[in-house]
$ cat model.txt   # compact mmCIF, C-alpha atoms
# COMPACT_ATOMS: atom_id res chain seq x y z
CA MET C 1 0.00 0.00 0.00
CA ILE C 2 1.18 3.50 -0.86
CA THR C 3 0.91 6.29 1.69
CA VAL C 4 0.31 9.68 0.11
CA TYR C 5 1.47 12.65 2.20
CA GLY C 6 0.02 16.00 1.25
CA LEU C 7 -2.68 18.56 1.91
CA LYS C 8 -6.37 17.86 1.32
CA ASN C 9 -6.82 21.21 -0.47
CA CYS C 10 -3.84 20.71 -2.80
CA ASP C 11 -4.93 20.29 -6.44
CA THR C 12 -1.92 18.12 -7.27
CA CYS C 13 -2.68 15.83 -4.32
CA ARG C 14 -6.29 15.49 -5.48
CA LYS C 15 -5.11 14.63 -9.00
CA ALA C 16 -2.67 12.07 -7.62
CA LEU C 17 -5.34 10.44 -5.47
CA GLY C 18 -7.71 10.28 -8.45
CA TRP C 19 -4.98 8.76 -10.61
CA LEU C 20 -4.11 6.13 -7.98
CA LYS C 21 -7.78 5.19 -7.70
CA ALA C 22 -8.19 4.98 -11.50
CA GLU C 23 -5.05 2.80 -11.72
CA GLY C 24 -6.36 0.52 -8.98
CA ILE C 25 -3.33 1.19 -6.77
CA ALA C 26 -4.03 0.71 -3.07
CA HIS C 27 -3.27 3.84 -1.10
CA ARG C 28 -4.09 5.88 1.96
CA PHE C 29 -3.91 9.65 2.38
CA HIS C 30 -2.09 11.41 5.22
CA ASP C 31 -2.80 15.15 5.53
CA VAL C 32 0.42 16.68 6.84
CA ARG C 33 -1.43 19.65 8.29
CA ALA C 34 -4.45 17.90 9.85
CA ASP C 35 -2.78 14.58 10.78
CA GLY C 36 0.64 16.06 11.49
CA ILE C 37 4.09 15.03 10.33
CA THR C 38 7.11 14.16 12.42
CA ARG C 39 10.57 15.54 11.93
CA ALA C 40 11.72 11.92 11.56
CA ASP C 41 9.32 11.48 8.61
CA ILE C 42 10.60 14.67 7.00
CA ALA C 43 14.21 13.57 7.55
CA ARG C 44 13.43 10.18 5.96
CA PHE C 45 11.89 11.89 2.92
CA ALA C 46 14.85 14.28 2.64
CA GLU C 47 17.37 11.46 2.93
CA ALA C 48 15.70 9.62 0.06
CA ALA C 49 14.91 12.55 -2.24
CA GLY C 50 17.22 15.34 -1.06
CA TRP C 51 16.07 18.29 1.02
CA GLU C 52 16.37 20.61 -1.99
CA LYS C 53 13.75 18.60 -3.88
CA LEU C 54 11.53 18.21 -0.83
CA LEU C 55 11.44 21.94 -0.01
CA ASN C 56 8.68 23.69 -1.97
CA LYS C 57 10.09 27.11 -2.79
CA ALA C 58 7.09 27.86 -5.04
CA SER C 59 4.67 27.81 -2.12
CA THR C 60 2.91 30.79 -0.58
CA THR C 61 4.35 29.72 2.76
CA TRP C 62 7.90 30.05 1.38
CA ARG C 63 7.20 33.53 0.03
CA GLU C 64 5.83 34.57 3.43
CA LEU C 65 9.03 33.58 5.27
CA SER C 66 11.47 36.32 6.21
CA ASP C 67 14.69 36.74 4.26
CA ALA C 68 16.58 35.75 7.41
CA GLU C 69 14.77 32.40 7.43
CA LYS C 70 15.51 31.78 3.75
CA ASP C 71 19.12 33.02 3.49
CA GLY C 72 21.97 30.55 3.85
CA LEU C 73 19.64 27.59 4.02
CA THR C 74 21.23 24.27 5.00
CA GLY C 75 19.75 20.79 5.24
CA PRO C 76 19.14 20.91 9.01
CA ARG C 77 17.57 24.38 8.81
CA ALA C 78 15.38 23.31 5.88
CA LEU C 79 14.17 20.29 7.86
CA ALA C 80 13.36 22.52 10.82
CA LEU C 81 11.41 24.90 8.57
CA MET C 82 9.44 22.03 7.01
CA ALA C 83 8.67 20.65 10.47
CA ALA C 84 7.43 24.07 11.61
CA HIS C 85 5.55 24.73 8.35
CA PRO C 86 4.35 21.45 6.74
CA ALA C 87 3.04 23.36 3.72
CA LEU C 88 6.72 23.83 2.74
CA ILE C 89 6.92 20.11 1.91
CA LYS C 90 6.59 19.57 -1.83
CA ARG C 91 3.45 17.62 -2.57
CA PRO C 92 2.58 14.93 -2.85
CA VAL C 93 5.12 12.64 -1.20
CA PHE C 94 4.51 8.94 -1.78
CA GLU C 95 5.92 6.18 0.40
CA ALA C 96 5.75 2.50 -0.43
CA VAL C 97 7.94 -0.46 0.46
CA GLY C 98 10.75 1.76 1.65
CA LYS C 99 10.74 3.92 -1.50
CA ILE C 100 10.01 7.66 -1.43
CA VAL C 101 8.68 9.49 -4.50
CA VAL C 102 8.26 13.29 -4.43
CA GLY C 103 6.03 15.10 -6.91
CA PHE C 104 3.54 13.94 -9.51
CA ARG C 105 4.83 14.01 -13.07
CA GLU C 106 5.29 11.21 -15.59
CA ALA C 107 8.54 9.94 -14.04
CA GLU C 108 6.90 9.77 -10.62
CA LYS C 109 3.85 7.99 -12.05
CA ALA C 110 6.13 5.37 -13.60
CA ALA C 111 7.95 4.92 -10.29
CA LEU C 112 4.63 4.49 -8.48
CA LYS C 113 3.47 1.87 -10.97
CA ALA C 114 6.76 0.02 -10.49
CA VAL C 115 6.51 -0.11 -6.68
CA SER C 116 2.85 -1.10 -6.75
CA ALA C 117 3.36 -4.01 -9.17

$ encode --input "model.txt" --output "structure tokens"
Amino acid sequence: MITVYGLKNCDTCRKALGWLKAEGIAHRFHDVRADGITRADIARFAEAAGWEKLLNKASTTWRELSDAEKDGLTGPRALALMAAHPALIKRPVFEAVGKIVVGFREAEKAALKAVSA
């Protein structure tokens, strides 16, 4: 089973959930804002995908951060920011059989099909 981490109001998350259902891929949704997310989960995602890929710099939350929070960003500081502001986590994040997939484009769809086979 694939766990989908995201936000219930995120259009990309909704598209991903619809696609998983249409493909018949078993999944469950975990809302990082409503259900919470641990720093250990974020660290696991970052270790697998890289904190640079996991950090959503296109988000409104990112734009609302102060320059001091954004300047000189390092991995540990990025993880702390994502833990404090879960909306900074790029969505969706998929986890299945020890594999982490971040985002929802064609390459990610192929990876999801491979882990669900």

$ residues_around --input "model.txt" --residues "stretch 70-85 of chain C" --least-positions-apart "3" --cutoff "12 Å" --atoms "only C-alpha atoms" --output "PyMOL selection string"
chain C and resi 32-33+36-47+50-57+59-67+88-90

$ closest_residue --input "model.txt" --among "C:Glu69, C:Asp11, C:Glu23, C:Asp31" --to "C:Leu112" --atoms "all atoms listed in the file"
C:Glu23

$ residues_around --input "model.txt" --residues "stretch 95-99 of chain C" --least-positions-apart "5" --cutoff "10 Å" --atoms "all atoms listed in the file" --output "PyMOL selection string"
chain C and resi 1-5+27+44-45+48-49+111-112+115-116

$ atom_distance --input "model.txt" --atom1 "atom CA of C:Gly6" --atom2 "atom CA of C:His30"
6.4 Å

$ closest_residue --input "model.txt" --among "C:Ala68, C:Gly103, C:Lys109, C:Ala117" --to "C:Trp19" --atoms "all atoms listed in the file"
C:Lys109
